[in-house]
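For reference, the structure discussed in these notes is given below.
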Amino acid sequence: MTAAARSMVRTNAPRRPRAHPLEWLLIHLAFVAVSAFFLAPFLWLFGAAFDENATAYIHWPSAPTFNNFIRIFTEHDFGIALGNSVFVSVATMLLVVVTVSFAGYSLSRIELRRKDWITYAVLLLQTMPLSATMVPIYGLARQLGLRNSYLGLILIHATIELPFLVWLMKGFFDSVPRQLEEASWLDGRTKLRALIEIVLPLARPGLGIAAGLSFLSAWAEVLMVIILVDQQSMKTVPLAFYEAMRNQGGYTEVQYGVIAAMAILYLIPVMAVFIGARRLMVRGLMSSTRGL
Amino acid sequence: MARVEYEDVWKQFAAQGAPAVRGLSLDIADGELLVLLGPSGCGKTTALRMLAGLEEPDRGDIRIAGTSVVGREPKDRDVALVFQSYALYPHLSARENIRYPLKLRKMSRAEQDKRVDHVADMLGIAHLLPRRPAQLSGGEQQRVALARAIVREPRVFLMDEPLSNLDAKLRVHTRTELKTLQRQLETTMVFVTHDQAEAMSLANRIAILSAGELQQIGTPDDVYDHPANLFVAEFIGSPPMNLLEVTRDGDTLVAADGWRLPAPLTRDHSARELTVGLRPEAIAIGTAGQAAEVVAVEPLGSEVIVDVRVGEKALKVRAAPAVRPQPGSTVHLAVEPGAIRLFDRSSGSAFH
């Protein structure tokens, strides 16, 4: 391209007109208002968690203190709940990742009659409202001795997330070229080994998403925990949180500081998983889409 | 190194009406380079994939070194396949890609590296070893894929259109290299392509397939000089063989516009409808013979292709570079009797 042609391209390119100052101001005011609306609860959380006399209103503590955090461990057995939650969520995540790897791969690769029906049936399961099946799940868990047990919580939490994630992983496996697997078989690998060495690394963005979502779901899920757990030693963070709100002095005398401190600890792993899964996703996407 | 045999192999895919491969029988000698040639959808890739174990035949037997491999897993067949897409593992470096087939063997890491380095040197890709496939050009990826196949020292090399993603110049260059390499390694190779020029230049023998059926197998000269049927006659050669519908009149054949050709008759074909095949170089442009109108002249440097018309029939004639008739002018065509090929028009098969 000559210099003249280049300058022509530049002048012909659409240039965004400069905004009028009033327009600029209005747009930014709207942004601030919307942001404030979403940030206010978090502002309250941080204010209340470090304030021994926290109220339901946003108020910056006059004497910031860690006492609320100390109290949730000494008075509310939050350590047990935290440990239970971490264990149940990590175990759910592992179970889900292993299961979706095989189930998604099978739906993607294995020739089955009526495979499309099976695929849509799996998705249909996901659309069923959980509360509708609450009673049978409770009955089943009682019969099988899965109430107040890690296994019960892990199985239920995995089941909740599996249909969608199996479906999601099928899509990721579909995007991995079959020839890579075939090359691996010819290079002396069994089908299982080719799956582990070649296909799974290339489906890593999907596995990252499956791991992140299943962890978050198991971590945050409240309803099933409430119906499945009534032993103090088995309670998880959502239940501890719920109890702190209901039982400590009832609704009239809610200990806002304690709840806020719990909420912050409840949120930290969510943030960590989100950031971790995001990096994994970006890295995985790059390695799987380039060079194919 | 091994002999490869297909014996009456059939394959039908559920989604397709007609069988992809019908009754294929081939006997490929140890160390031979056999090219499976045919248009897309002719079953050549399916035939190759059945040898690799990526598809199973419905019927028939496939043997490597005398032992049937039907029902055996791909990993147990000791064959290496270079895919059209190269199928390099995108998450591994070129070195790890080449080393991958060696990793399961009882071989020290140092020995593996030595073999990777040796093959990389042979193919001139030593400097590319640390890179990922995404950082390599098409030609470089092709070499890494080739190295991954060679490093194993398999019994049979399978090539599924490995050159078709390269640009024209590199393709011709790599073709020569591949042929030299195969001769050095003395490993049996089955090479699939739809490019007849590639097939002619590479093959010890060419097997031509159409609609799942073997049409002819023979050396490049065989299939060029003595095509077994009209399909092969039209498929091999560029420009392809001229085909003229003729009727018989005594010892001569009469084509369009009353063009009389000497009949190379060795048997009585009087009752049959015949088609004559003439290679473009079997027709000479001269001063005597059948009159023809020049339609176009295509100078190709080393030769000239003259498009002529005899009556309504268009023909291509290969001539020396100095021959430059004017389009629209009349020339005279002479035919060398020995170069005339005769085909049965209804069955398509050749008379020899």
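Following the order of the structure tokens, chains are lettered A, B, ..., residues in each are numbered from 1, and ligands are numbered from 1.
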Contacts of B:Val9 at 10 Å (only C-alpha atoms; same-chain gap of 2+ positions) as number ranges by chain:
B: 6-7, 11, 21-26, 47, 50, 56-62
Only residues of chain B matter here; which ones have an atom within 6 Å of chain A, counting only C-alpha atoms? Give them as a ChimeraX atom specification.
/B:74-75,87,90-91,101,133-134
Create the file for the chosen residues now, containing N, CA, C and O atoms and written as a compact mmCIF listing (two decimals), in the first residue's frame.
# COMPACT_ATOMS: atom_id res chain seq x y z
N PRO B 74 -5.53 -51.18 16.34
CA PRO B 74 -4.51 -50.46 15.57
C PRO B 74 -3.13 -50.53 16.21
O PRO B 74 -2.12 -50.66 15.53
N LYS B 75 -3.10 -50.47 17.55
CA LYS B 75 -1.81 -50.43 18.24
C LYS B 75 -1.01 -51.72 18.06
O LYS B 75 0.20 -51.73 18.23
N ALA B 87 -2.31 -34.57 11.89
CA ALA B 87 -2.71 -35.05 13.22
C ALA B 87 -1.57 -34.97 14.23
O ALA B 87 -1.34 -35.89 14.99
N PRO B 90 -1.37 -31.15 19.34
CA PRO B 90 -1.10 -29.71 19.44
C PRO B 90 -0.51 -29.29 20.78
O PRO B 90 0.12 -28.24 20.86
N HIS B 91 -0.67 -30.10 21.81
CA HIS B 91 -0.18 -29.70 23.13
C HIS B 91 1.23 -30.21 23.40
O HIS B 91 1.76 -30.00 24.48
N PRO B 101 5.51 -42.15 19.87
CA PRO B 101 5.36 -43.60 19.62
C PRO B 101 6.42 -44.45 20.32
O PRO B 101 6.21 -45.65 20.49
N PRO B 133 3.35 -27.54 17.32
CA PRO B 133 2.82 -27.60 15.95
C PRO B 133 2.27 -26.26 15.45
O PRO B 133 2.44 -25.92 14.29
N ALA B 134 1.63 -25.49 16.34
CA ALA B 134 1.03 -24.23 15.91
C ALA B 134 2.10 -23.24 15.43
O ALA B 134 1.80 -22.29 14.72
Find the spatial neighbours of A:Arg142, counting only C-alpha atoms, within a cut-off of 12 Å - ignore same-chain residues fewer than 5 positions away - and output them as a PyMOL selection string.
chain A and resi 135-137+147-149+152+227-229
Residues of stretch 66-201 of chain A in helix (DSSP H, G or I), written as a PyMOL selection string:
chain A and resi 67-74+78-109+115-127+130-143+150-174+178-186+191-201
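Distances here use only C-alpha atoms; by that measure, the residue among A:Tyr256, A:Tyr242, A:Phe274, A:Phe87 closest to A:Gly212 is A:Phe274.
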